[in-house]
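K.L.:
Here it is, the structure, as structure tokens.
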Amino acid sequence: KLLTGSILFVLIAIVLLYLLFPAALEAFIKRLRVDDLSGGRMRLFVQYNEYLMSSVKSLLWGIGSLDLPWKVKAYSISEGVPHNGIQEILVAWGILGLLFFLALIYVLIRRSKQENPHQTKMNYLLLVILFAKALVGQVITSPYTMLTIALVYLSLCYDFSATEQVNQSSL
């Protein structure tokens, strides 16, 4: 019953998507029709690696994050921005920028330990999700990813053990 219901749900969702948002479905299908299974991301990854390794100046300093999508086209690096957050930071800010970004994450973790000495694995869940997202998407050109850094800090500072104690005492 569960399998049949799931298949039926997916089919109905696809039909509704096609009827309500045909352009979105066509754009999704177009992304899947690329030669490689990564949807063109491997080609972008290779292009940006070649660009970074072609110049020590670019690798150290980057090209700047202000209007990055325009710059990568203007400098004939690629047609799209990097789809790897670490690579995107390297292209925009260089190795020094990557070191500063890693220092920011380090400071967030260290400061949060001062605010919440009772951290558990649950506190680090958003940080792990952010890191996984950074491996497959943009970081600095994605406003919601930059906002997630603030949420990561709040998650690290939250004392989940106090919530468990309150819940157990209310039983």
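Each chain in the structure tokens gets a letter, A, B, ..., in the order shown, and its residues are numbered from 1; ligands are numbered from 1 in order too.
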Can you list, as a PDB file with N, CA and C atoms, in the first residue's frame, every protein, DNA or RNA residue that comes within 10 Å of stretch 52-67 of chain A when you count only C-alpha atoms, leaving out same-chain residues fewer than 4 positions away?

P.N.:
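The resulting out_27.pdb:
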ATOM      1  N   VAL A  46      35.972  21.437 -13.354  1.00  0.00           N
ATOM      2  CA  VAL A  46      37.234  21.351 -14.097  1.00  0.00           C
ATOM      3  C   VAL A  46      37.646  22.724 -14.620  1.00  0.00           C
ATOM      4  N   GLN A  47      36.688  23.489 -15.165  1.00  0.00           N
ATOM      5  CA  GLN A  47      36.999  24.822 -15.688  1.00  0.00           C
ATOM      6  C   GLN A  47      37.574  25.728 -14.600  1.00  0.00           C
ATOM      7  N   TYR A  48      36.960  25.703 -13.437  1.00  0.00           N
ATOM      8  CA  TYR A  48      37.444  26.560 -12.363  1.00  0.00           C
ATOM      9  C   TYR A  48      38.769  26.081 -11.794  1.00  0.00           C
ATOM     10  N   LYS A  71      31.640  38.751 -13.472  1.00  0.00           N
ATOM     11  CA  LYS A  71      33.098  38.676 -13.624  1.00  0.00           C
ATOM     12  C   LYS A  71      33.540  37.353 -14.259  1.00  0.00           C
ATOM     13  N   VAL A  72      32.932  36.246 -13.867  1.00  0.00           N
ATOM     14  CA  VAL A  72      33.383  34.969 -14.434  1.00  0.00           C
ATOM     15  C   VAL A  72      33.077  34.896 -15.923  1.00  0.00           C
ATOM     16  N   TYR A  75      35.672  37.572 -17.640  1.00  0.00           N
ATOM     17  CA  TYR A  75      37.039  37.059 -17.695  1.00  0.00           C
ATOM     18  C   TYR A  75      37.132  35.761 -18.477  1.00  0.00           C
ATOM     19  N   ILE A  77      36.033  32.841 -17.832  1.00  0.00           N
ATOM     20  CA  ILE A  77      36.360  31.679 -17.011  1.00  0.00           C
ATOM     21  C   ILE A  77      35.327  30.589 -17.271  1.00  0.00           C
ATOM     22  N   GLN A  87      35.446  26.122  -3.882  1.00  0.00           N
ATOM     23  CA  GLN A  87      35.992  26.642  -5.132  1.00  0.00           C
ATOM     24  C   GLN A  87      35.501  28.074  -5.376  1.00  0.00           C
ATOM     25  N   GLU A  88      34.258  28.336  -5.028  1.00  0.00           N
ATOM     26  CA  GLU A  88      33.703  29.676  -5.199  1.00  0.00           C
ATOM     27  C   GLU A  88      34.457  30.689  -4.327  1.00  0.00           C
ATOM     28  N   ILE A  89      34.744  30.310  -3.093  1.00  0.00           N
ATOM     29  CA  ILE A  89      35.512  31.190  -2.205  1.00  0.00           C
ATOM     30  C   ILE A  89      36.906  31.417  -2.780  1.00  0.00           C
ATOM     31  N   LEU A  90      37.538  30.368  -3.307  1.00  0.00           N
ATOM     32  CA  LEU A  90      38.864  30.519  -3.906  1.00  0.00           C
ATOM     33  C   LEU A  90      38.831  31.446  -5.110  1.00  0.00           C
ATOM     34  N   VAL A  91      37.817  31.307  -5.962  1.00  0.00           N
ATOM     35  CA  VAL A  91      37.714  32.167  -7.146  1.00  0.00           C
ATOM     36  C   VAL A  91      37.480  33.619  -6.721  1.00  0.00           C
ATOM     37  N   ALA A  92      36.613  33.829  -5.744  1.00  0.00           N
ATOM     38  CA  ALA A  92      36.272  35.191  -5.342  1.00  0.00           C
ATOM     39  C   ALA A  92      37.344  35.826  -4.459  1.00  0.00           C
ATOM     40  N   TRP A  93      37.813  35.102  -3.443  1.00  0.00           N
ATOM     41  CA  TRP A  93      38.695  35.695  -2.448  1.00  0.00           C
ATOM     42  C   TRP A  93      40.081  35.088  -2.401  1.00  0.00           C
ATOM     43  N   GLY A  94      40.338  34.031  -3.127  1.00  0.00           N
ATOM     44  CA  GLY A  94      41.648  33.401  -3.128  1.00  0.00           C
ATOM     45  C   GLY A  94      41.902  32.576  -1.872  1.00  0.00           C
ATOM     46  N   ILE A  95      43.131  32.103  -1.770  1.00  0.00           N
ATOM     47  CA  ILE A  95      43.508  31.273  -0.615  1.00  0.00           C
ATOM     48  C   ILE A  95      43.392  32.066   0.685  1.00  0.00           C
ATOM     49  N   LEU A  96      43.789  33.338   0.646  1.00  0.00           N
ATOM     50  CA  LEU A  96      43.689  34.150   1.857  1.00  0.00           C
ATOM     51  C   LEU A  96      42.234  34.299   2.307  1.00  0.00           C
ATOM     52  N   GLY A  97      41.339  34.481   1.375  1.00  0.00           N
ATOM     53  CA  GLY A  97      39.917  34.565   1.712  1.00  0.00           C
ATOM     54  C   GLY A  97      39.387  33.259   2.280  1.00  0.00           C
ATOM     55  N   LEU A  98      39.853  32.137   1.720  1.00  0.00           N
ATOM     56  CA  LEU A  98      39.441  30.834   2.244  1.00  0.00           C
ATOM     57  C   LEU A  98      39.942  30.662   3.679  1.00  0.00           C
ATOM     58  N   ILE A 140      29.033  32.130  -1.087  1.00  0.00           N
ATOM     59  CA  ILE A 140      29.030  33.593  -0.953  1.00  0.00           C
ATOM     60  C   ILE A 140      28.064  34.285  -1.906  1.00  0.00           C
ATOM     61  N   THR A 141      27.675  33.657  -3.002  1.00  0.00           N
ATOM     62  CA  THR A 141      26.700  34.269  -3.900  1.00  0.00           C
ATOM     63  C   THR A 141      25.283  33.821  -3.572  1.00  0.00           C
TER      64      THR A 141
END

K.L.:
Which one is closest to A:Met146: A:Ile105, A:Tyr158, A:Tyr18, A:Asn123? Count only C-alpha atoms.

P.N.:
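Looking at the shortest contact to A:Met146, the residue is A:Ile105.
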
K.L.:
For the structure I just gave you, how does DSSP split stretch 71-106 of chain A - specifically, which residues are helix (DSSP H, G or I)? Reply as a VMD selection string.

P.N.:
chain A and resid 71 to 74 85 to 106

K.L.:
What is the distance between atom CA of A:Tyr51 and atom CA of A:Ser78, in Å to one decimal?

P.N.:
9.3 Å

K.L.:
May I ask for the distance between atom CA of A:Arg111 and atom CA of A:Leu156, given in Å to one decimal place?

P.N.:
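Taking atom CA of A:Arg111 and atom CA of A:Leu156, their separation equals 9.2 Å.
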
K.L.:
Write out as a PyMOL selection string the residues lying within 12 Å of A:Gln114, counting only C-alpha atoms and excluding same-chain residues fewer than 4 positions away.

P.N.:
chain A and resi 107-110+118-119+153+156-159

K.L.:
The selected residues should be written to file as a PDB file, in the first residue's frame (atoms: N, CA, C and O atoms).

P.N.:
ATOM      1  N   VAL A 107      36.181  30.564  14.821  1.00  0.00           N
ATOM      2  CA  VAL A 107      35.815  31.513  15.871  1.00  0.00           C
ATOM      3  C   VAL A 107      34.368  31.290  16.310  1.00  0.00           C
ATOM      4  O   VAL A 107      34.053  31.356  17.508  1.00  0.00           O
ATOM      5  N   LEU A 108      33.483  31.007  15.357  1.00  0.00           N
ATOM      6  CA  LEU A 108      32.089  30.722  15.717  1.00  0.00           C
ATOM      7  C   LEU A 108      32.002  29.511  16.639  1.00  0.00           C
ATOM      8  O   LEU A 108      31.277  29.535  17.642  1.00  0.00           O
ATOM      9  N   ILE A 109      32.734  28.454  16.308  1.00  0.00           N
ATOM     10  CA  ILE A 109      32.702  27.244  17.129  1.00  0.00           C
ATOM     11  C   ILE A 109      33.300  27.520  18.507  1.00  0.00           C
ATOM     12  O   ILE A 109      32.725  27.144  19.535  1.00  0.00           O
ATOM     13  N   ARG A 110      34.428  28.188  18.536  1.00  0.00           N
ATOM     14  CA  ARG A 110      35.103  28.451  19.816  1.00  0.00           C
ATOM     15  C   ARG A 110      34.266  29.361  20.712  1.00  0.00           C
ATOM     16  O   ARG A 110      34.104  29.111  21.902  1.00  0.00           O
ATOM     17  N   HIS A 118      27.829  22.839  27.155  1.00  0.00           N
ATOM     18  CA  HIS A 118      27.174  21.526  27.110  1.00  0.00           C
ATOM     19  C   HIS A 118      26.770  21.147  25.681  1.00  0.00           C
ATOM     20  O   HIS A 118      25.682  20.607  25.475  1.00  0.00           O
ATOM     21  N   GLN A 119      27.619  21.403  24.714  1.00  0.00           N
ATOM     22  CA  GLN A 119      27.273  21.097  23.322  1.00  0.00           C
ATOM     23  C   GLN A 119      27.198  19.587  23.104  1.00  0.00           C
ATOM     24  O   GLN A 119      27.970  18.817  23.677  1.00  0.00           O
ATOM     25  N   TYR A 153      25.560  29.469  14.145  1.00  0.00           N
ATOM     26  CA  TYR A 153      26.051  29.984  15.419  1.00  0.00           C
ATOM     27  C   TYR A 153      24.978  29.862  16.502  1.00  0.00           C
ATOM     28  O   TYR A 153      25.261  29.445  17.630  1.00  0.00           O
ATOM     29  N   LEU A 156      24.743  26.312  17.572  1.00  0.00           N
ATOM     30  CA  LEU A 156      25.872  25.923  18.417  1.00  0.00           C
ATOM     31  C   LEU A 156      25.724  26.472  19.843  1.00  0.00           C
ATOM     32  O   LEU A 156      26.164  25.847  20.803  1.00  0.00           O
ATOM     33  N   CYS A 157      25.098  27.624  19.983  1.00  0.00           N
ATOM     34  CA  CYS A 157      24.946  28.245  21.300  1.00  0.00           C
ATOM     35  C   CYS A 157      23.759  27.692  22.094  1.00  0.00           C
ATOM     36  O   CYS A 157      23.715  27.831  23.313  1.00  0.00           O
ATOM     37  N   TYR A 158      22.818  27.060  21.419  1.00  0.00           N
ATOM     38  CA  TYR A 158      21.614  26.573  22.096  1.00  0.00           C
ATOM     39  C   TYR A 158      21.936  25.359  22.957  1.00  0.00           C
ATOM     40  O   TYR A 158      22.619  24.438  22.523  1.00  0.00           O
ATOM     41  N   ASP A 159      21.425  25.351  24.165  1.00  0.00           N
ATOM     42  CA  ASP A 159      21.674  24.255  25.094  1.00  0.00           C
ATOM     43  C   ASP A 159      20.525  23.248  25.004  1.00  0.00           C
ATOM     44  O   ASP A 159      19.473  23.427  25.620  1.00  0.00           O
TER      45      ASP A 159
END

K.L.:
In Å, with one decimal, what is the gap from atom CA of A:Leu130 to atom CA of A:Tyr144?

P.N.:
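Distance reported for this atom pair: 10.7 Å.
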
K.L.:
Could you name the residues that touch A:Leu135 at 7 Å or less, counting only C-alpha atoms, but leaving out those on the same chain fewer than 5 positions away, as a list in words?

P.N.:
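The contact residues come out as Asn84, Gly85 and Ile86 of chain A.
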
K.L.:
Of the candidates A:Leu25, A:Ser142, A:Leu127, A:Leu32, which shows the shortest atom-to-atom distance to A:Ala13, using only C-alpha atoms?

P.N.:
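Ranked by minimum distance to A:Ala13, first place goes to A:Leu25.
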
K.L.:
Return the single residue from A:Pro22, A:Lys73, A:Glu79, A:Leu151 that is closest to A:Ile129, with distances computed using only C-alpha atoms.

P.N.:
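Ranking A:Pro22, A:Lys73, A:Glu79, A:Leu151 by distance to A:Ile129, first place goes to A:Leu151.
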
K.L.:
Using only C-alpha atoms, pick whichever of A:Phe160, A:Glu50, A:Phe131, A:Ile149 has the shortest atom-to-atom distance to A:Pro117.

P.N.:
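Looking at the shortest contact to A:Pro117, the residue is A:Phe160.
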